[in-house]
>>> print(open('structure.txt').read())   # compact mmCIF, C-alpha atoms
# COMPACT_ATOMS: atom_id res chain seq x y z
CA MET A 122 -8.61 -29.89 -14.72
CA PHE A 123 -7.41 -27.20 -12.28
CA ALA A 124 -6.82 -27.21 -8.53
CA LYS A 125 -9.37 -25.53 -6.29
CA ARG A 126 -6.60 -23.52 -4.65
CA THR A 127 -6.19 -21.50 -7.88
CA ASN A 128 -9.90 -20.92 -8.40
CA TRP A 129 -9.56 -17.17 -7.99
CA ASN A 130 -11.83 -14.54 -9.44
CA LEU A 131 -9.58 -13.40 -12.30
CA GLU A 132 -11.94 -10.77 -13.65
CA THR A 133 -10.39 -7.30 -13.81
CA ASN A 134 -11.84 -4.98 -11.18
CA ARG A 135 -13.45 -1.68 -12.14
CA LEU A 136 -10.53 0.48 -11.05
CA SER A 137 -7.98 -1.60 -12.99
CA GLU A 138 -10.21 -1.49 -16.07
CA ALA A 139 -10.55 2.27 -15.76
CA LEU A 140 -6.78 2.68 -15.34
CA ALA A 141 -6.08 0.55 -18.42
CA ALA A 142 -8.59 2.54 -20.47
CA HIS A 143 -7.10 5.82 -19.23
CA ARG A 144 -3.64 4.77 -20.32
CA ALA A 145 -4.83 3.32 -23.62
CA ALA A 146 -6.44 6.65 -24.43
CA GLY A 147 -3.09 8.37 -23.92
CA LYS A 148 -4.41 10.62 -21.15
CA PRO A 149 -1.93 12.21 -18.73
CA LEU A 150 -1.68 10.31 -15.45
CA ILE A 151 -0.27 11.06 -12.02
CA ASP A 152 0.40 7.72 -10.33
CA LEU A 153 0.39 8.07 -6.54
CA THR A 154 0.68 4.31 -6.03
CA VAL A 155 4.25 3.93 -7.32
CA SER A 156 6.18 1.36 -5.27
CA ASN A 157 9.01 0.42 -7.63
CA PRO A 158 12.08 2.34 -6.39
CA THR A 159 13.92 1.83 -9.69
CA GLU A 160 11.35 4.14 -11.33
CA CYS A 161 11.67 7.01 -8.86
CA GLY A 162 14.90 8.66 -10.00
CA PHE A 163 17.15 7.36 -7.23
CA GLN A 164 20.85 7.18 -7.99
CA TYR A 165 22.50 3.76 -7.65
CA ASP A 166 26.21 2.97 -7.61
CA GLU A 167 26.02 1.19 -10.96
CA GLU A 168 29.72 0.35 -11.14
CA ALA A 169 29.81 -1.26 -7.70
CA ILE A 170 26.60 -3.23 -8.30
CA LEU A 171 27.67 -4.57 -11.68
CA ASP A 172 31.18 -5.38 -10.44
CA ALA A 173 29.68 -7.40 -7.57
CA LEU A 174 27.73 -9.50 -10.08
CA ARG A 175 30.96 -10.35 -11.96
CA ASN A 176 32.53 -12.30 -9.10
CA PRO A 177 34.32 -15.31 -10.66
CA MET A 178 33.45 -17.40 -7.58
CA ALA A 179 29.91 -17.55 -8.98
CA LEU A 180 31.18 -19.95 -11.67
CA LYS A 181 31.56 -22.66 -9.03
CA TYR A 182 28.51 -24.59 -7.82
CA GLU A 183 28.44 -24.99 -4.05
CA PRO A 184 24.90 -25.99 -3.06
CA ASP A 185 23.94 -25.20 0.53
CA PRO A 186 20.32 -25.37 1.74
CA ARG A 187 20.78 -22.32 3.91
CA GLY A 188 22.78 -20.37 1.31
CA LEU A 189 26.46 -19.57 0.97
CA ALA A 190 28.19 -18.62 4.22
CA VAL A 191 29.56 -15.38 2.73
CA ALA A 192 26.01 -14.17 2.04
CA ARG A 193 24.59 -15.29 5.38
CA ASP A 194 27.49 -13.60 7.16
CA ALA A 195 26.50 -10.37 5.43
CA VAL A 196 22.91 -10.75 6.64
CA ALA A 197 24.13 -11.46 10.19
CA GLN A 198 26.29 -8.33 10.02
CA TYR A 199 23.27 -6.29 8.87
CA TYR A 200 21.39 -7.37 12.00
CA ALA A 201 24.42 -6.72 14.19
CA GLU A 202 24.27 -3.14 12.96
CA CYS A 203 20.59 -3.18 13.93
CA GLY A 204 21.59 -4.22 17.46
CA ALA A 205 20.58 -7.88 17.19
CA VAL A 206 22.83 -10.94 17.45
CA VAL A 207 21.83 -13.50 14.80
CA SER A 208 23.74 -16.71 14.10
CA THR A 209 24.49 -17.49 10.46
CA ASP A 210 23.19 -21.01 11.16
CA ASP A 211 19.72 -19.55 11.82
CA ILE A 212 19.54 -17.83 8.41
CA PHE A 213 18.05 -19.25 5.21
CA LEU A 214 18.44 -17.35 1.93
CA THR A 215 15.42 -17.22 -0.37
CA THR A 216 14.70 -15.50 -3.67
CA SER A 217 11.95 -13.38 -2.12
CA THR A 218 9.96 -12.91 1.05
CA SER A 219 7.08 -14.57 -0.82
CA GLU A 220 9.21 -17.71 -1.03
CA ALA A 221 10.07 -17.34 2.65
CA TYR A 222 6.35 -17.26 3.46
CA SER A 223 5.83 -20.41 1.41
CA TYR A 224 8.57 -22.19 3.37
CA VAL A 225 6.99 -21.21 6.68
CA PHE A 226 3.42 -22.02 5.63
CA ARG A 227 4.46 -25.43 4.30
CA MET A 228 6.38 -26.24 7.46
CA LEU A 229 3.74 -25.10 9.96
CA CYS A 230 0.41 -25.84 8.30
CA ASN A 231 -1.62 -28.77 7.13
CA PRO A 232 -4.32 -28.01 4.52
CA ASP A 233 -6.94 -25.59 5.95
CA ASP A 234 -4.89 -24.72 9.01
CA GLU A 235 -5.04 -21.05 9.94
CA VAL A 236 -2.65 -18.13 10.16
CA LEU A 237 -3.63 -14.80 11.75
CA ILE A 238 -3.04 -11.69 9.69
CA PRO A 239 -3.42 -7.98 10.55
CA GLU A 240 -6.17 -5.87 9.04
CA PRO A 241 -5.40 -3.57 7.23
CA SER A 242 -2.50 -5.20 5.39
CA TYR A 243 -1.10 -5.85 1.93
CA PRO A 244 -3.34 -8.02 -0.32
CA LEU A 245 -0.54 -10.33 -1.54
CA PHE A 246 -0.97 -12.51 1.57
CA GLU A 247 -4.28 -13.88 0.30
CA PHE A 248 -2.64 -15.41 -2.75
CA LEU A 249 0.37 -16.73 -0.83
CA ALA A 250 -1.96 -18.47 1.61
CA ASP A 251 -4.22 -19.91 -1.09
CA ILE A 252 -1.27 -21.42 -2.95
CA GLN A 253 -0.20 -23.20 0.25
CA ASP A 254 -3.76 -24.32 1.23
CA VAL A 255 -3.67 -22.08 4.29
CA ARG A 256 -6.66 -20.12 5.57
CA LEU A 257 -6.10 -16.54 6.72
CA VAL A 258 -7.97 -15.22 9.75
CA ARG A 259 -7.87 -11.48 10.30
CA TYR A 260 -7.25 -9.59 13.51
CA PRO A 261 -7.75 -5.80 13.56
CA LEU A 262 -5.32 -2.99 14.01
CA ILE A 263 -7.18 -0.21 15.75
CA TYR A 264 -6.49 3.50 15.37
CA ASP A 265 -6.61 5.76 18.41
CA HIS A 266 -4.00 8.52 18.20
CA GLY A 267 -1.86 5.96 16.42
CA TRP A 268 -2.14 2.31 15.41
CA GLN A 269 -2.04 -0.65 17.76
CA ILE A 270 -2.92 -4.34 17.79
CA ASP A 271 -6.32 -5.25 19.19
CA PHE A 272 -5.04 -8.11 21.35
CA HIS A 273 -8.49 -9.02 22.63
CA ALA A 274 -9.66 -9.59 19.05
CA LEU A 275 -6.42 -11.41 18.18
CA GLU A 276 -6.91 -13.86 21.06
CA GLN A 277 -10.56 -14.34 20.15
CA ALA A 278 -9.48 -15.25 16.61
CA ILE A 279 -7.28 -18.14 17.78
CA THR A 280 -8.68 -21.62 17.22
CA PRO A 281 -7.22 -25.14 17.55
CA ARG A 282 -6.16 -24.82 13.88
CA THR A 283 -4.17 -21.60 14.35
CA ARG A 284 -0.50 -22.18 13.54
CA GLY A 285 0.97 -18.70 13.33
CA ALA A 286 0.41 -14.96 13.63
CA ILE A 287 1.79 -12.58 11.00
CA VAL A 288 3.00 -9.15 12.04
CA VAL A 289 4.23 -6.63 9.49
CA HIS A 290 6.77 -4.40 11.26
CA PRO A 291 6.16 -1.67 10.22
CA ASN A 292 2.81 -2.39 8.67
CA ASN A 293 2.05 -1.76 5.02
CA PRO A 294 0.20 0.57 4.48
CA THR A 295 -0.34 2.02 7.97
CA GLY A 296 3.34 2.50 8.85
CA HIS A 297 2.73 1.14 12.37
CA PHE A 298 5.74 -0.25 14.25
CA LEU A 299 5.06 -2.69 17.06
CA LYS A 300 6.07 -1.16 20.36
CA LEU A 301 8.10 -3.12 22.91
CA GLU A 302 4.99 -3.75 25.01
CA GLU A 303 3.15 -5.09 21.94
CA MET A 304 6.09 -7.37 21.16
CA ARG A 305 6.08 -8.62 24.74
CA LYS A 306 2.33 -9.26 24.68
CA LEU A 307 2.52 -11.01 21.32
CA ASN A 308 5.30 -13.27 22.64
CA GLU A 309 3.20 -14.04 25.70
CA VAL A 310 0.10 -14.96 23.68
CA CYS A 311 1.92 -17.01 21.07
CA ALA A 312 4.17 -18.89 23.50
CA ALA A 313 1.21 -19.81 25.70
CA ARG A 314 -0.81 -21.11 22.73
CA GLY A 315 2.04 -22.81 20.84
CA ILE A 316 1.71 -20.39 17.92
CA ALA A 317 4.59 -19.12 15.81
CA ILE A 318 5.28 -15.45 15.14
CA ILE A 319 5.88 -14.63 11.47
CA ALA A 320 7.51 -11.19 11.32
CA ASP A 321 7.69 -9.35 8.00
CA GLU A 322 10.29 -6.59 8.39
CA VAL A 323 10.91 -5.46 4.82
CA PHE A 324 10.33 -1.80 5.81
CA LEU A 325 12.19 -1.95 9.15
CA ASP A 326 14.93 0.49 8.08
CA PHE A 327 12.49 3.19 7.02
CA ALA A 328 11.49 4.84 10.29
CA LEU A 329 10.49 8.49 10.15
CA GLY A 330 11.82 9.30 13.61
CA ASP A 331 15.38 9.12 14.90
CA LYS A 332 14.64 6.03 16.97
CA ARG A 333 15.63 2.61 15.60
CA HIS A 334 12.87 0.11 16.28
CA ALA A 335 13.62 -3.35 17.62
CA THR A 336 13.71 -6.31 15.23
CA PHE A 337 12.17 -9.73 15.84
CA ALA A 338 15.29 -11.40 14.39
CA ALA A 339 16.77 -12.32 17.78
CA ASN A 340 13.42 -13.07 19.44
CA SER A 341 13.64 -16.08 21.75
CA ALA A 342 10.41 -16.03 23.77
CA ALA A 343 8.31 -17.74 21.07
CA LEU A 344 9.08 -19.61 17.87
CA THR A 345 9.72 -16.78 15.42
CA PHE A 346 10.34 -16.48 11.70
CA THR A 347 11.69 -13.08 10.61
CA MET A 348 12.01 -12.13 6.95
CA SER A 349 13.34 -9.27 4.86
CA GLY A 350 15.37 -8.71 1.71
CA LEU A 351 17.06 -6.45 -0.80
CA SER A 352 13.84 -5.39 -2.54
CA LYS A 353 13.07 -2.71 0.04
CA ILE A 354 16.27 -2.46 2.12
CA CYS A 355 18.43 -1.68 -0.93
CA GLY A 356 15.75 -0.66 -3.43
CA LEU A 357 16.71 -3.61 -5.63
CA PRO A 358 13.57 -5.70 -6.26
CA GLN A 359 15.06 -7.07 -9.48
CA MET A 360 17.91 -8.81 -7.61
CA LYS A 361 15.54 -11.34 -6.03
CA ALA A 362 17.38 -11.83 -2.74
CA ALA A 363 15.74 -12.25 0.65
CA TRP A 364 16.14 -14.24 3.84
CA LEU A 365 14.34 -16.05 6.63
CA ILE A 366 15.63 -16.12 10.20
CA VAL A 367 14.55 -18.69 12.79
CA GLY A 368 14.44 -17.81 16.47
CA GLY A 369 12.78 -19.08 19.62
CA PRO A 370 13.10 -21.57 22.43
CA GLU A 371 14.39 -25.11 22.12
CA PRO A 372 13.41 -27.72 21.04
CA SER A 373 10.97 -25.92 18.73
CA LYS A 374 13.69 -23.84 17.12
CA GLU A 375 15.92 -26.84 16.34
CA GLN A 376 12.99 -28.76 14.86
CA ALA A 377 12.09 -25.79 12.69
CA LEU A 378 15.66 -25.44 11.45
CA SER A 379 15.84 -29.11 10.53
CA ARG A 380 12.54 -29.08 8.67
CA LEU A 381 13.35 -25.86 6.85
CA GLU A 382 16.67 -27.30 5.75
CA VAL A 383 14.87 -30.12 3.94
CA ILE A 384 12.47 -27.68 2.28
CA ALA A 385 15.30 -25.36 1.21
CA ASP A 386 17.42 -28.28 0.02
CA THR A 387 14.54 -29.44 -2.16
CA TYR A 388 14.52 -26.16 -4.11
CA LEU A 389 18.03 -24.65 -3.81
CA SER A 390 16.53 -21.58 -5.45
CA MET A 391 19.03 -18.83 -4.61
CA ASN A 392 21.50 -18.29 -7.45
CA ALA A 393 25.25 -17.98 -6.86
CA PRO A 394 25.94 -14.54 -8.45
CA ILE A 395 23.47 -12.82 -6.13
CA GLN A 396 24.79 -14.67 -3.09
CA TRP A 397 28.35 -13.56 -3.79
CA ALA A 398 27.13 -10.02 -4.47
CA LEU A 399 25.04 -9.80 -1.29
CA PRO A 400 27.75 -8.31 0.96
CA THR A 401 28.39 -5.50 -1.52
CA LEU A 402 24.70 -4.85 -2.17
CA LEU A 403 23.87 -4.67 1.54
CA GLY A 404 26.85 -2.39 2.04
CA LEU A 405 25.36 0.10 -0.43
CA ARG A 406 21.96 0.29 1.28
CA GLN A 407 22.46 3.53 3.17
CA GLN A 408 23.10 5.51 -0.01
CA PHE A 409 19.72 4.40 -1.34
CA GLN A 410 17.90 4.76 1.97
CA ARG A 411 19.01 8.35 2.46
CA GLN A 412 17.59 9.29 -0.93
CA LEU A 413 14.32 7.47 -0.38
CA MET A 414 13.73 8.89 3.09
CA ALA A 415 14.38 12.38 1.74
CA HIS A 416 11.52 11.77 -0.74
CA VAL A 417 9.29 10.37 2.01
CA ARG A 418 9.87 13.28 4.40
CA GLU A 419 9.50 15.90 1.67
CA ASN A 420 6.28 14.41 0.37
CA LEU A 421 4.83 13.90 3.84
CA ALA A 422 5.56 17.53 4.70
CA GLU A 423 3.89 18.62 1.46
CA LEU A 424 0.86 16.47 2.23
CA ASP A 425 0.59 18.02 5.70
CA ARG A 426 0.95 21.52 4.24
CA GLN A 427 -1.91 20.98 1.82
CA LEU A 428 -4.10 19.27 4.41
CA ALA A 429 -3.63 22.24 6.74
CA GLY A 430 -5.25 24.44 4.10
CA GLN A 431 -8.62 22.67 4.29
CA LYS A 432 -10.87 20.95 6.84
CA ALA A 433 -12.48 18.01 5.05
CA CYS A 434 -9.53 15.60 4.96
CA SER A 435 -6.74 14.54 7.29
CA ARG A 436 -4.04 11.91 7.42
CA LEU A 437 -3.45 9.13 9.88
CA GLU A 438 -0.28 8.94 11.92
CA VAL A 439 2.57 7.15 10.15
CA GLU A 440 5.78 5.99 11.85
CA GLY A 441 7.61 4.43 8.93
CA GLY A 442 7.38 2.76 5.54
CA TRP A 443 6.63 4.28 2.17
CA ASN A 444 2.90 5.13 2.35
CA ALA A 445 0.48 7.56 3.90
CA VAL A 446 -3.22 7.02 4.63
CA ILE A 447 -5.53 9.96 3.91
CA ARG A 448 -8.88 10.05 5.69
CA VAL A 449 -11.58 11.53 3.46
CA PRO A 450 -15.34 12.07 3.87
CA ALA A 451 -17.03 8.67 3.53
CA THR A 452 -19.78 9.87 1.21
CA ARG A 453 -19.29 6.95 -1.18
CA SER A 454 -17.25 3.76 -1.34
CA ASP A 455 -13.49 4.08 -1.57
CA GLU A 456 -13.59 2.40 -4.98
CA GLU A 457 -16.12 4.94 -6.28
CA LEU A 458 -13.95 7.76 -4.99
CA ALA A 459 -10.79 6.31 -6.59
CA LEU A 460 -12.66 5.99 -9.88
CA GLU A 461 -13.75 9.63 -9.65
CA VAL A 462 -10.21 10.80 -8.80
CA LEU A 463 -8.93 8.96 -11.87
CA ALA A 464 -11.66 10.11 -14.27
CA ALA A 465 -11.97 13.71 -13.13
CA LYS A 466 -8.43 14.50 -12.01
CA GLY A 467 -6.17 12.03 -13.82
CA VAL A 468 -4.73 10.73 -10.54
CA TYR A 469 -4.41 7.07 -9.63
CA VAL A 470 -4.63 6.19 -5.93
CA HIS A 471 -5.34 3.02 -4.00
CA PRO A 472 -8.71 2.86 -2.22
CA GLY A 473 -8.63 1.71 1.39
CA HIS A 474 -10.46 -1.54 0.62
CA PHE A 475 -7.43 -2.62 -1.43
CA TYR A 476 -5.74 -3.09 1.96
CA ASP A 477 -8.88 -4.35 3.74
CA PHE A 478 -9.68 -1.23 5.71
CA ALA A 479 -12.80 -2.07 7.69
CA ALA A 480 -14.68 1.10 6.69
CA HIS A 481 -14.91 3.53 3.79
CA GLY A 482 -13.22 6.92 3.80
CA TYR A 483 -9.55 6.08 3.21
CA LEU A 484 -7.12 6.57 0.34
CA VAL A 485 -3.53 5.30 0.35
CA VAL A 486 -0.76 7.21 -1.42
CA SER A 487 2.89 6.32 -1.94
CA LEU A 488 5.47 8.76 -0.57
CA ILE A 489 8.48 7.75 -2.69
CA GLY A 490 7.66 9.47 -5.99
CA HIS A 491 8.95 12.77 -7.36
CA GLY A 492 8.02 15.72 -5.15
CA GLU A 493 6.46 18.01 -7.76
CA VAL A 494 4.35 15.20 -9.18
CA PHE A 495 3.26 14.15 -5.70
CA ALA A 496 2.30 17.70 -4.74
CA GLU A 497 0.18 18.16 -7.86
CA GLY A 498 -1.52 14.79 -7.35
CA VAL A 499 -2.47 15.66 -3.78
CA ARG A 500 -3.72 19.09 -4.83
CA ARG A 501 -6.03 17.49 -7.39
CA ILE A 502 -7.37 14.97 -4.88
CA LEU A 503 -8.14 17.58 -2.23
CA SER A 504 -9.87 19.82 -4.77
CA LEU A 505 -12.72 17.28 -4.82
CA PHE A 506 -13.66 18.09 -1.21
>>> encode(input="structure.txt", output="structure tokens")
Amino acid sequence: MFAKRTNWNLETNRLSEALAAHRAAGKPLIDLTVSNPTECGFQYDEEAILDALRNPMALKYEPDPRGLAVARDAVAQYYAECGAVVSTDDIFLTTSTSEAYSYVFRMLCNPDDEVLIPEPSYPLFEFLADIQDVRLVRYPLIYDHGWQIDFHALEQAITPRTRGAIVVHPNNPTGHFLKLEEMRKLNEVCAARGIAIIADEVFLDFALGDKRHATFAANSAALTFTMSGLSKICGLPQMKAAWLIVGGPEPSKEQALSRLEVIADTYLSMNAPIQWALPTLLGLRQQFQRQLMAHVRENLAELDRQLAGQKACSRLEVEGGWNAVIRVPATRSDEELALEVLAAKGVYVHPGHFYDFAAHGYLVVSLIGHGEVFAEGVRRILSLF
């Protein structure tokens, strides 16, 4: 009765079962995996946000496959402030980056074609690929005084069925930004093999240093699809607004734009109130980002302070994003350790295998929660070693 593409293992894993039982028993819990910014105590300009959603222009239906010009202009202006020139004609509005991925996968791939994906990375990609009948092939990020792409392994992973290479810039959860030389090398490899670059930049604005990292949005050396949205940039995941930008050499770029227009016109999924509100919502982003980065820096400093007081654990270098990776003694599987942290200390963390770390000995913690709660959670984790 059901399609093979949805034949997932839907059994609850041990850690999720343990978390549900912990909560059902009413036990106190410190959640160091929190990723929903609306639950972290940030202050939003409620009046401005709600006023933007009351725009009377939203009562008129003006279908456009790419999205309303007023909203795409706002996205183009966002990239101009990032130092990149993006034409509004190269922008497609989507309800989420997940939808943007589906557009790209459907346009590039026949059933069982392949897309390269970094390892470690966020597990959502597996489901997005399955739904579109795409097969993911992993290429490693290697850690040596910082993260970097293993280009030899990436090139070895390319087959005649490879259609694209995903880069998450910065990566989730490692916080690794691609450097200019990595971007150049990736362009070189993909252009030579006729492979598209799929750049996920939802965390681009959240760099820990003063340097602003380059975006792929204006990339022209290889066919490139760049995506982001309000969920992370503005801390508004409930608004369901994202975008997809097409770049690259002709005629590939023009063909991609034409094909995407048909796909987008088939769904017309972006609703009018959010499109009219987009300029206001993007204009409010810095107020949110300042608050979030204050949490990230405070929590990272607290993590470093506690790690300095012991010798068993350390953290990996992080350049941006909302997470930190803690290296712990690999005396058991990461799942077993996460289960012990939950049962013995009342702290919920993500084990490294959740993000496909190649080896045991890693825990991933979110840096956007409340400082006192974060500090206590870390203290409890480190007390096990």
>>> residues_around(input="structure.txt", residues="A:Leu136", least_positions_apart="5", cutoff="12 Å", atoms="only C-alpha atoms", output="PyMOL selection string")
chain A and resi 141-143+455-464+468-472+474-475
>>> closest_residue(input="structure.txt", among="A:Thr215, A:Gln410, A:Gln431, A:Thr295", to="A:Gly473", atoms="all atoms listed in the file")
A:Thr295
>>> atom_distance(input="structure.txt", atom1="atom CA of A:Lys466", atom2="atom CA of A:Gln412")
28.8 Å
>>> atom_distance(input="structure.txt", atom1="atom CA of A:Asn392", atom2="atom CA of A:Ala179")
8.6 Å
>>> atom_distance(input="structure.txt", atom1="atom CA of A:Arg227", atom2="atom CA of A:Tyr260")
21.7 Å
>>> residues_around(input="structure.txt", residues="stretch 248-251 of chain A", least_positions_apart="3", cutoff="9 Å", atoms="all atoms listed in the file", output="ChimeraX atom specification")
/A:126-127,129,219-220,222-223,226,236,244-245,254-257
>>> write_last_selection(input="structure.txt", atoms="C-alpha atoms", output="JSON list (two decimals), keeping the file's coordinate frame")
[["chain", "number", "residue", "atom", "x", "y", "z"],
["A", 126, "ARG", "CA", -6.60, -23.52, -4.65],
["A", 127, "THR", "CA", -6.19, -21.50, -7.88],
["A", 129, "TRP", "CA", -9.56, -17.17, -7.99],
["A", 219, "SER", "CA", 7.08, -14.57, -0.82],
["A", 220, "GLU", "CA", 9.21, -17.71, -1.03],
["A", 222, "TYR", "CA", 6.35, -17.26, 3.46],
["A", 223, "SER", "CA", 5.83, -20.41, 1.41],
["A", 226, "PHE", "CA", 3.42, -22.02, 5.63],
["A", 236, "VAL", "CA", -2.65, -18.13, 10.16],
["A", 244, "PRO", "CA", -3.34, -8.02, -0.32],
["A", 245, "LEU", "CA", -0.54, -10.33, -1.54],
["A", 254, "ASP", "CA", -3.76, -24.32, 1.23],
["A", 255, "VAL", "CA", -3.67, -22.08, 4.29],
["A", 256, "ARG", "CA", -6.66, -20.12, 5.57],
["A", 257, "LEU", "CA", -6.10, -16.54, 6.72]]
>>> closest_residue(input="structure.txt", among="A:Leu275, A:Val323, A:Ile270, A:Ala221", to="A:His290", atoms="only C-alpha atoms")
A:Val323
